[in-house]
Each structure stands twice: as structure tokens, then as C-alpha cells.
>>> print(open('data06.cif').read())   # mmCIF, C-alpha atoms (C1' of nucleotides)
data_final
loop_
_atom_site.label_atom_id
_atom_site.label_comp_id
_atom_site.auth_asym_id
_atom_site.auth_seq_id
_atom_site.Cartn_x
_atom_site.Cartn_y
_atom_site.Cartn_z
CA MET U 1 6.30 -196.72 34.09
CA GLU U 2 7.47 -194.31 31.46
CA LEU U 3 7.29 -191.13 33.49
CA LEU U 4 10.93 -190.27 32.88
CA LYS U 5 10.49 -190.84 29.19
CA ILE U 6 7.51 -188.50 29.13
CA TYR U 7 9.58 -185.94 30.98
CA HIS U 8 12.25 -186.01 28.33
CA LEU U 9 9.70 -185.75 25.54
CA LEU U 10 8.22 -182.65 27.16
CA LEU U 11 11.64 -181.23 27.83
CA SER U 12 12.81 -181.59 24.26
CA HIS U 13 9.58 -180.04 23.02
CA PHE U 14 9.29 -177.08 25.37
CA GLY U 15 12.83 -176.68 26.70
CA TYR U 16 13.74 -175.79 30.27
CA GLN U 17 11.16 -173.60 31.97
CA ASN U 18 13.38 -172.57 34.90
CA TRP U 19 10.54 -172.38 37.39
CA TRP U 20 9.49 -170.71 39.66
CA PRO U 21 9.63 -167.21 38.17
CA ALA U 22 10.45 -165.13 41.25
CA GLU U 23 13.33 -163.12 42.64
CA THR U 24 13.15 -164.35 46.22
CA ARG U 25 11.89 -167.34 48.18
CA TYR U 26 9.19 -165.26 49.80
CA GLU U 27 7.97 -164.09 46.43
CA VAL U 28 7.40 -167.75 45.59
CA VAL U 29 5.28 -168.11 48.72
CA ILE U 30 3.19 -165.10 47.73
CA GLY U 31 2.79 -166.39 44.19
CA ALA U 32 1.80 -169.85 45.40
CA VAL U 33 -1.09 -168.42 47.40
CA LEU U 34 -2.19 -165.89 44.83
CA THR U 35 -2.28 -168.39 42.00
CA GLN U 36 -4.80 -170.65 43.69
CA ASN U 37 -7.41 -171.33 41.01
CA THR U 38 -6.16 -168.28 39.17
CA SER U 39 -4.21 -167.82 35.97
CA TRP U 40 -0.63 -166.69 36.39
CA LYS U 41 -1.20 -163.63 34.23
CA ASN U 42 -3.46 -162.16 36.88
CA VAL U 43 -1.06 -163.12 39.63
CA GLU U 44 1.70 -161.21 37.88
CA LYS U 45 -0.32 -158.02 38.08
CA ALA U 46 -0.95 -158.49 41.78
CA ILE U 47 2.73 -159.17 42.44
CA GLU U 48 3.65 -156.12 40.38
CA ASN U 49 1.41 -154.04 42.62
CA LEU U 50 3.15 -155.44 45.67
CA LYS U 51 6.59 -154.83 44.18
CA LYS U 52 5.79 -151.20 43.41
CA GLU U 53 5.19 -150.72 47.12
CA ASN U 54 8.23 -152.79 48.08
CA LEU U 55 6.01 -155.26 49.90
CA ILE U 56 7.68 -158.54 48.93
CA ASP U 57 8.91 -158.75 52.48
CA GLU U 58 7.48 -160.82 55.32
CA ARG U 59 7.46 -158.02 57.89
CA LYS U 60 5.86 -155.54 55.55
CA ILE U 61 3.07 -157.91 54.60
CA LEU U 62 2.38 -158.43 58.29
CA GLU U 63 2.36 -154.69 58.92
CA ILE U 64 0.20 -153.62 56.03
CA ASP U 65 -3.49 -153.00 56.63
CA THR U 66 -5.49 -155.94 55.35
CA GLU U 67 -7.86 -153.73 53.38
CA LYS U 68 -4.93 -152.14 51.57
CA LEU U 69 -3.48 -155.58 50.85
CA LYS U 70 -6.81 -156.64 49.36
CA LYS U 71 -6.75 -153.72 46.95
CA LEU U 72 -3.22 -154.49 45.82
CA ILE U 73 -3.86 -158.16 45.11
CA LYS U 74 -7.28 -157.62 43.59
CA PRO U 75 -6.21 -158.56 40.05
CA ALA U 76 -5.51 -162.10 41.27
CA GLY U 77 -9.13 -162.60 42.31
CA PHE U 78 -10.50 -164.10 45.54
CA TYR U 79 -8.78 -161.16 47.15
CA ASN U 80 -10.63 -161.30 50.46
CA ILE U 81 -9.58 -164.83 51.33
CA LYS U 82 -6.18 -164.55 49.66
CA ALA U 83 -5.29 -161.50 51.73
CA GLU U 84 -6.06 -163.50 54.85
CA ARG U 85 -4.15 -166.51 53.58
CA LEU U 86 -1.12 -164.36 52.82
CA LYS U 87 -1.24 -162.97 56.32
CA ASN U 88 -1.65 -166.48 57.76
CA ILE U 89 1.29 -168.11 56.03
CA THR U 90 3.49 -165.06 56.49
CA HIS U 91 2.69 -164.89 60.18
CA HIS U 92 3.51 -168.57 60.56
CA ILE U 93 6.86 -168.16 58.84
CA VAL U 94 7.87 -165.02 60.72
CA LYS U 95 6.72 -166.26 64.11
CA ASN U 96 8.49 -169.59 63.85
CA TYR U 97 11.47 -168.91 61.61
CA GLY U 98 11.90 -165.18 61.15
CA SER U 99 11.91 -165.34 57.37
CA THR U 100 11.42 -167.68 54.43
CA GLU U 101 15.13 -167.42 53.71
CA ASN U 102 15.91 -168.60 57.20
CA LEU U 103 13.33 -171.39 57.06
CA ALA U 104 14.98 -172.70 53.91
CA LYS U 105 18.22 -173.25 55.79
CA LEU U 106 16.79 -175.32 58.63
CA PRO U 107 17.15 -179.11 58.59
CA ILE U 108 13.52 -179.86 59.32
CA LYS U 109 12.19 -183.21 58.18
CA LEU U 110 10.23 -182.80 54.98
CA GLU U 111 7.11 -184.58 56.25
CA ASP U 112 7.10 -182.51 59.42
CA LEU U 113 7.45 -179.26 57.52
CA ARG U 114 4.68 -180.29 55.15
CA LYS U 115 2.29 -181.07 58.00
CA GLU U 116 3.15 -177.74 59.51
CA LEU U 117 2.33 -175.86 56.32
CA LEU U 118 -0.91 -177.79 55.93
CA ASN U 119 -1.95 -176.61 59.37
CA VAL U 120 -1.90 -173.02 58.16
CA LYS U 121 -5.42 -172.03 57.16
CA GLY U 122 -5.52 -171.48 53.42
CA ILE U 123 -2.58 -173.72 52.62
CA GLY U 124 -3.69 -176.98 51.02
CA LYS U 125 -1.59 -179.75 49.58
CA GLU U 126 -0.83 -178.20 46.23
CA THR U 127 0.10 -174.84 47.69
CA ALA U 128 2.17 -176.48 50.43
CA ASP U 129 4.04 -178.61 47.94
CA SER U 130 4.65 -175.67 45.62
CA ILE U 131 6.16 -173.77 48.53
CA LEU U 132 8.22 -176.77 49.60
CA LEU U 133 9.58 -177.44 46.12
CA TYR U 134 10.03 -173.98 44.68
CA ALA U 135 10.54 -171.74 47.69
CA LEU U 136 12.32 -174.15 50.03
CA ASP U 137 14.08 -176.47 47.56
CA ARG U 138 12.59 -179.62 49.06
CA PRO U 139 12.17 -182.69 46.84
CA ILE U 140 8.41 -183.13 46.63
CA PHE U 141 6.36 -183.55 43.47
CA VAL U 142 3.60 -181.00 42.93
CA VAL U 143 0.30 -182.39 41.68
CA ASP U 144 -2.25 -180.06 40.17
CA ALA U 145 -5.36 -180.12 37.99
CA TYR U 146 -3.18 -180.32 34.86
CA THR U 147 -1.30 -183.31 36.22
CA LYS U 148 -4.52 -185.18 36.88
CA ARG U 149 -6.01 -184.31 33.51
CA ILE U 150 -2.93 -185.08 31.43
CA PHE U 151 -1.97 -188.33 33.09
CA SER U 152 -5.48 -189.69 33.26
CA ARG U 153 -5.80 -189.03 29.54
CA LEU U 154 -2.49 -190.80 29.05
CA GLY U 155 -3.81 -193.73 31.07
CA VAL U 156 -1.03 -193.48 33.65
CA ILE U 157 -3.60 -192.86 36.36
CA GLU U 158 -7.30 -193.57 36.56
CA GLY U 159 -8.24 -190.05 37.59
CA GLY U 160 -10.03 -190.63 40.85
CA GLU U 161 -6.91 -191.16 42.93
CA GLU U 162 -6.20 -188.97 45.90
CA TYR U 163 -3.63 -186.21 45.73
CA ASP U 164 -0.95 -188.02 47.71
CA GLU U 165 -1.44 -191.22 45.79
CA ILE U 166 -0.71 -189.45 42.53
CA ARG U 167 2.23 -187.67 44.10
CA HIS U 168 3.68 -190.99 45.21
CA ILE U 169 3.33 -192.46 41.73
CA PHE U 170 5.56 -189.70 40.40
CA GLU U 171 8.02 -189.78 43.27
CA GLU U 172 8.42 -193.53 43.08
CA ASN U 173 8.96 -193.58 39.34
CA LEU U 174 11.35 -190.65 38.99
CA PRO U 175 14.83 -189.99 40.31
CA LYS U 176 14.55 -188.00 43.54
CA ASP U 177 15.97 -184.92 41.91
CA LEU U 178 15.03 -181.31 42.63
CA LYS U 179 15.72 -180.12 39.13
CA ILE U 180 13.56 -182.85 37.59
CA TYR U 181 10.70 -182.23 40.00
CA LYS U 182 10.79 -178.52 39.34
CA GLU U 183 11.01 -178.78 35.58
CA TYR U 184 8.54 -181.62 35.24
CA HIS U 185 5.73 -179.77 36.97
CA ALA U 186 6.48 -176.65 34.94
CA LEU U 187 6.39 -178.70 31.74
CA ILE U 188 3.09 -180.28 32.77
CA VAL U 189 1.60 -176.82 33.21
CA GLU U 190 2.90 -175.80 29.80
CA LEU U 191 1.38 -178.86 28.14
CA GLY U 192 -1.90 -178.41 30.01
CA LYS U 193 -2.22 -174.78 29.04
CA HIS U 194 -1.42 -175.05 25.37
CA TYR U 195 -2.14 -178.64 24.31
CA CYS U 196 -3.89 -180.88 26.79
CA LYS U 197 -6.64 -178.35 27.36
CA LYS U 198 -9.86 -179.13 29.12
CA ARG U 199 -11.83 -178.57 25.96
CA ASN U 200 -10.58 -178.62 22.41
CA PRO U 201 -7.26 -180.23 23.25
CA ALA U 202 -4.65 -179.86 20.50
CA CYS U 203 -3.95 -183.58 20.23
CA GLU U 204 -2.69 -183.33 16.64
CA LYS U 205 0.25 -181.19 17.69
CA CYS U 206 0.77 -182.70 21.12
CA PRO U 207 4.33 -183.90 21.80
CA LEU U 208 2.85 -186.90 23.65
CA SER U 209 0.38 -188.00 20.99
CA ASP U 210 2.35 -191.17 20.24
CA LEU U 211 1.85 -192.31 23.83
CA CYS U 212 -1.74 -191.23 24.22
CA ASP U 213 -5.00 -192.91 23.26
CA TYR U 214 -7.19 -190.05 24.40
CA SER U 215 -7.62 -188.32 21.07
CA CYS U 216 -9.25 -189.81 18.00
CA LEU U 217 -6.39 -189.09 15.68
CA PRO U 218 -6.71 -190.90 12.34
CA TYR U 219 -4.44 -193.90 11.65
CA LYS U 220 -3.21 -194.10 15.17
"C1'" DA S 1 -21.68 -179.28 46.45
"C1'" DT S 2 -20.90 -174.47 46.79
"C1'" DC S 3 -18.61 -170.32 47.61
"C1'" DC S 4 -14.87 -167.14 46.79
"C1'" DT S 5 -13.20 -163.20 42.40
"C1'" DG S 6 -10.83 -160.71 38.49
"C1'" DC S 7 -9.28 -161.21 34.11
"C1'" DT S 8 -7.93 -163.31 29.59
"C1'" DG S 9 -8.83 -165.61 25.48
"C1'" DC S 10 -11.87 -167.48 22.52
"C1'" DG D 1 -20.67 -163.52 26.23
"C1'" DC D 2 -18.52 -167.01 29.11
"C1'" DA D 3 -15.27 -170.98 30.07
"C1'" DG D 4 -11.30 -171.60 32.55
"C1'" DC D 5 -7.72 -170.44 35.50
"C1'" DT D 6 -0.82 -173.85 38.55
"C1'" DG D 7 -7.32 -174.42 45.08
"C1'" DG D 8 -9.07 -174.41 49.62
"C1'" DA D 9 -12.57 -174.16 53.15
"C1'" DT D 10 -17.16 -174.90 54.66
#
>>> encode(input="data06.cif", output="C-alpha cells")
Amino acid sequence: MELLKIYHLLLSHFGYQNWWPAETRYEVVIGAVLTQNTSWKNVEKAIENLKKENLIDERKILEIDTEKLKKLIKPAGFYNIKAERLKNITHHIVKNYGSTENLAKLPIKLEDLRKELLNVKGIGKETADSILLYALDRPIFVVDAYTKRIFSRLGVIEGGEEYDEIRHIFEENLPKDLKIYKEYHALIVELGKHYCKKRNPACEKCPLSDLCDYSCLPYK
DNA sequence: ATCCTGCTGC
DNA sequence: GCAGCTGGAT
């Protein structure tokens, strides 16, 4: 498996992404929920709205009226359910750990913490893993729609595999390294957005074209 | 399989 | 105009 090689190709093409773009752990949690099926650009606006009101704070999100929260996060779309989801995950964190910062310090087993997050309504596998990796610094590989698309086009996976199966493929073929996990997923997103697009992929310029049979590039 | 939503880029 | 977006629940 050449997953590490692909990582280095992406890294030398795009450079370090230094994900996740956030000032605090809790801001990562908020971003992870808000970006569900939503482009980051729109999430930025929602987070800006929250920052203006100094709301990137677990207690304040719990205190704020849900209708007001909906208005503030509106730019991120799906604001009705996302407001509830933000309340849900925040309530879980505060009730059990006091704060995201505090949760990050606790020596809870990764699998246990993951199951716990998945029990929060509105937190699925991808959101849970994003929180674990980027907010809590836990070594877990995040799989998203870009990951599935890119690596099925590359032929590394078939495409129909389940989330955790794909996650295991990455975890078993990469060094268990936080930095690599964080950067790799960020690089995958970058490639998916600008090159390995759903339609009209830019295969000619793709840094992985040498490894990929998906496109119909001439003389390949 | 469908619903939930605003916004950007083409 | 409308496809697509760092999904999840029903």
C-alpha cells in the first residue's frame, strides 16, 4: 500500500495545511458540526457571527436562546438541526467534563470516547472523528466524501466499503502519528476541492495523475 | 431514499 | 440557473 507515498506527494504539492483552523478546541467542535454537508466558506461566516458575540464558549452556547443561535449560524445552512446539534454536543461536554479543554486532558480510551460522542444525537462518525483528531488530539483517521471519491478513483478502495473499513485501511497503512493524520485529511480535502472534483476533475494537473487510472489522459 | 438549508462558483 | 458542499437522522 502506497498511502504514505501518496501523502508525501500531496504534501510536496500543497504544503502543510496546519489544520484545523481554529483558536480553541471548542471552536473546532463548533466548526465540525457546522460544516456537516456544508462548504467551509459558509461555516466561517457563522463562526464569525458567534465570535462577534463572544459565544465560542461552552457555557454561553448552552445559555443562549436556541432561536437566537439559529439566526447566528444561518449562513452555514441546516440551521435548525445544527443549532440543536450544537446544543447537544455542548451539553454532553459540559455535563460530563466541564469543558472541551478539560476533556482533552482526560485519559479516556479512544474507542470509549468515540462511542460516547456517537451517542450524542447529531454526531456521526465523520464529525466524531474530526472532533477526536482536531479538537482532542486523538490519533484517528477522518474519512469523508473526498476520501472515498479520491481513493476509489485511485483504485485503493472499491468505493462501497463502510466508513470504519476505510478508516482502518488508512490507520493500518500509515504510521500512527497525529501530525500525519491531521495533515493527510487536510490534504485530501484540498485535492478533492481543487482537482479530484466530482465533475470535471482536473486530472491533467493532478499531483497524483501518475498513480491514477481514473482519467483518460493521453499517452498514459 | 429523503429531508434538512444557505451560499459560492461556474 | 443550479451543482455541490469536510453529514446525519428518519
>>> interface_residues(input="data06.cif", of="chain D", to="chain U", cutoff="10 Å", atoms="all atoms listed in the file", output="VMD selection string")
chain D and resid 3 to 9
>>> resolve_selection(input="data06.cif", expression="the PyMOL selection byres ((chain U) within 8 of (chain S))", output="PyMOL selection string")
chain U and resi 42+74-79+81
>>> atom_distance(input="data06.cif", atom1="CA of Glu162 in chain U", atom2="CA of Lys115 in chain U")
16.8 Å
>>> residues_around(input="data06.cif", residues="Asn80 in chain U", least_positions_apart="4", cutoff="10 Å", atoms="only C-alpha atoms (C1' of nucleotides)", output="PDB file with C-alpha atoms (C1' of nucleotides), in the coordinates of the input")
ATOM      1  CA  THR U  66      -5.490-155.940  55.350  1.00  0.00           C
ATOM      2  CA  GLU U  67      -7.860-153.730  53.380  1.00  0.00           C
ATOM      3  CA  LEU U  69      -3.480-155.580  50.850  1.00  0.00           C
ATOM      4  CA  LYS U  70      -6.810-156.640  49.360  1.00  0.00           C
ATOM      5  CA  LYS U  71      -6.750-153.720  46.950  1.00  0.00           C
ATOM      6  CA  ILE U  73      -3.860-158.160  45.110  1.00  0.00           C
ATOM      7  CA  LYS U  74      -7.280-157.620  43.590  1.00  0.00           C
ATOM      8  CA  GLU U  84      -6.060-163.500  54.850  1.00  0.00           C
ATOM      9  CA  ARG U  85      -4.150-166.510  53.580  1.00  0.00           C
TER      10      ARG U  85
ATOM     11  C1'  DC S   4     -14.870-167.140  46.790  1.00  0.00           C
ATOM     12  C1'  DT S   5     -13.200-163.200  42.400  1.00  0.00           C
TER      13       DT S   5
END
>>> decode(input="data06.cif", residues="chain D", atoms="N, CA and C atoms (P, O5', C5', C4', C3', O3' and C1' of nucleotides)", output="mmCIF file, in the first residue's frame")
data_model
loop_
_atom_site.group_PDB
_atom_site.id
_atom_site.type_symbol
_atom_site.label_atom_id
_atom_site.label_comp_id
_atom_site.auth_asym_id
_atom_site.auth_seq_id
_atom_site.Cartn_x
_atom_site.Cartn_y
_atom_site.Cartn_z
ATOM 1 P P DG D 1 -33.101 32.320 -13.999
ATOM 2 O "O5'" DG D 1 -32.492 31.359 -12.888
ATOM 3 C "C5'" DG D 1 -32.930 30.067 -12.799
ATOM 4 C "C4'" DG D 1 -32.021 29.101 -13.533
ATOM 5 C "C3'" DG D 1 -31.806 27.819 -12.737
ATOM 6 O "O3'" DG D 1 -31.826 26.716 -13.600
ATOM 7 C "C1'" DG D 1 -29.714 28.937 -13.073
ATOM 8 P P DC D 2 -32.496 25.381 -12.889
ATOM 9 O "O5'" DC D 2 -31.233 24.655 -12.266
ATOM 10 C "C5'" DC D 2 -30.108 24.349 -13.083
ATOM 11 C "C4'" DC D 2 -28.923 23.995 -12.193
ATOM 12 C "C3'" DC D 2 -29.322 23.234 -10.918
ATOM 13 O "O3'" DC D 2 -28.322 22.299 -10.641
ATOM 14 C "C1'" DC D 2 -28.062 25.081 -10.339
ATOM 15 P P DA D 3 -28.641 20.718 -10.705
ATOM 16 O "O5'" DA D 3 -27.185 20.082 -10.596
ATOM 17 C "C5'" DA D 3 -26.176 20.478 -11.522
ATOM 18 C "C4'" DA D 3 -24.829 20.579 -10.838
ATOM 19 C "C3'" DA D 3 -24.557 19.491 -9.809
ATOM 20 O "O3'" DA D 3 -23.179 19.171 -9.874
ATOM 21 C "C1'" DA D 3 -24.492 21.616 -8.748
ATOM 22 P P DG D 4 -22.605 17.876 -9.165
ATOM 23 O "O5'" DG D 4 -22.055 18.458 -7.790
ATOM 24 C "C5'" DG D 4 -20.937 19.328 -7.826
ATOM 25 C "C4'" DG D 4 -20.739 19.914 -6.456
ATOM 26 C "C3'" DG D 4 -20.783 18.892 -5.308
ATOM 27 O "O3'" DG D 4 -19.509 18.863 -4.691
ATOM 28 C "C1'" DG D 4 -22.031 20.851 -4.794
ATOM 29 P P DC D 5 -19.179 17.859 -3.486
ATOM 30 O "O5'" DC D 5 -19.077 18.882 -2.263
ATOM 31 C "C5'" DC D 5 -18.289 20.061 -2.410
ATOM 32 C "C4'" DC D 5 -18.678 21.072 -1.362
ATOM 33 C "C3'" DC D 5 -18.564 20.560 0.089
ATOM 34 O "O3'" DC D 5 -18.001 21.600 0.886
ATOM 35 C "C1'" DC D 5 -20.653 21.499 -0.258
ATOM 36 P P DT D 6 -16.337 21.635 1.065
ATOM 37 O "O5'" DT D 6 -16.017 20.646 2.244
ATOM 38 C "C5'" DT D 6 -16.962 20.239 3.161
ATOM 39 C "C4'" DT D 6 -16.741 18.754 3.450
ATOM 40 C "C3'" DT D 6 -17.451 18.328 4.718
ATOM 41 O "O3'" DT D 6 -17.829 16.961 4.582
ATOM 42 C "C1'" DT D 6 -15.092 18.446 5.057
ATOM 43 P P DG D 7 -19.277 16.670 4.062
ATOM 44 O "O5'" DG D 7 -20.149 16.349 5.390
ATOM 45 C "C5'" DG D 7 -20.082 15.052 6.002
ATOM 46 C "C4'" DG D 7 -20.964 15.082 7.223
ATOM 47 C "C3'" DG D 7 -21.195 13.713 7.849
ATOM 48 O "O3'" DG D 7 -21.230 13.877 9.240
ATOM 49 C "C1'" DG D 7 -23.251 14.600 7.055
ATOM 50 P P DG D 8 -21.453 12.562 10.140
ATOM 51 O "O5'" DG D 8 -23.018 12.634 10.389
ATOM 52 C "C5'" DG D 8 -23.539 13.751 11.104
ATOM 53 C "C4'" DG D 8 -25.019 13.560 11.338
ATOM 54 C "C3'" DG D 8 -25.410 12.166 11.840
ATOM 55 O "O3'" DG D 8 -26.194 12.329 13.001
ATOM 56 C "C1'" DG D 8 -26.705 12.767 9.936
ATOM 57 P P DA D 9 -26.809 11.076 13.732
ATOM 58 O "O5'" DA D 9 -28.339 11.193 13.286
ATOM 59 C "C5'" DA D 9 -29.007 12.422 13.500
ATOM 60 C "C4'" DA D 9 -30.446 12.348 13.040
ATOM 61 C "C3'" DA D 9 -31.209 11.125 13.532
ATOM 62 O "O3'" DA D 9 -32.496 11.557 13.943
ATOM 63 C "C1'" DA D 9 -31.277 11.211 11.152
ATOM 64 P P DT D 10 -33.495 10.583 14.655
ATOM 65 O "O5'" DT D 10 -34.513 10.200 13.483
ATOM 66 C "C5'" DT D 10 -35.255 11.220 12.855
ATOM 67 C "C4'" DT D 10 -36.024 10.636 11.691
ATOM 68 C "C3'" DT D 10 -36.694 9.302 12.008
ATOM 69 O "O3'" DT D 10 -38.101 9.434 11.968
ATOM 70 C "C1'" DT D 10 -35.583 9.255 9.900
#
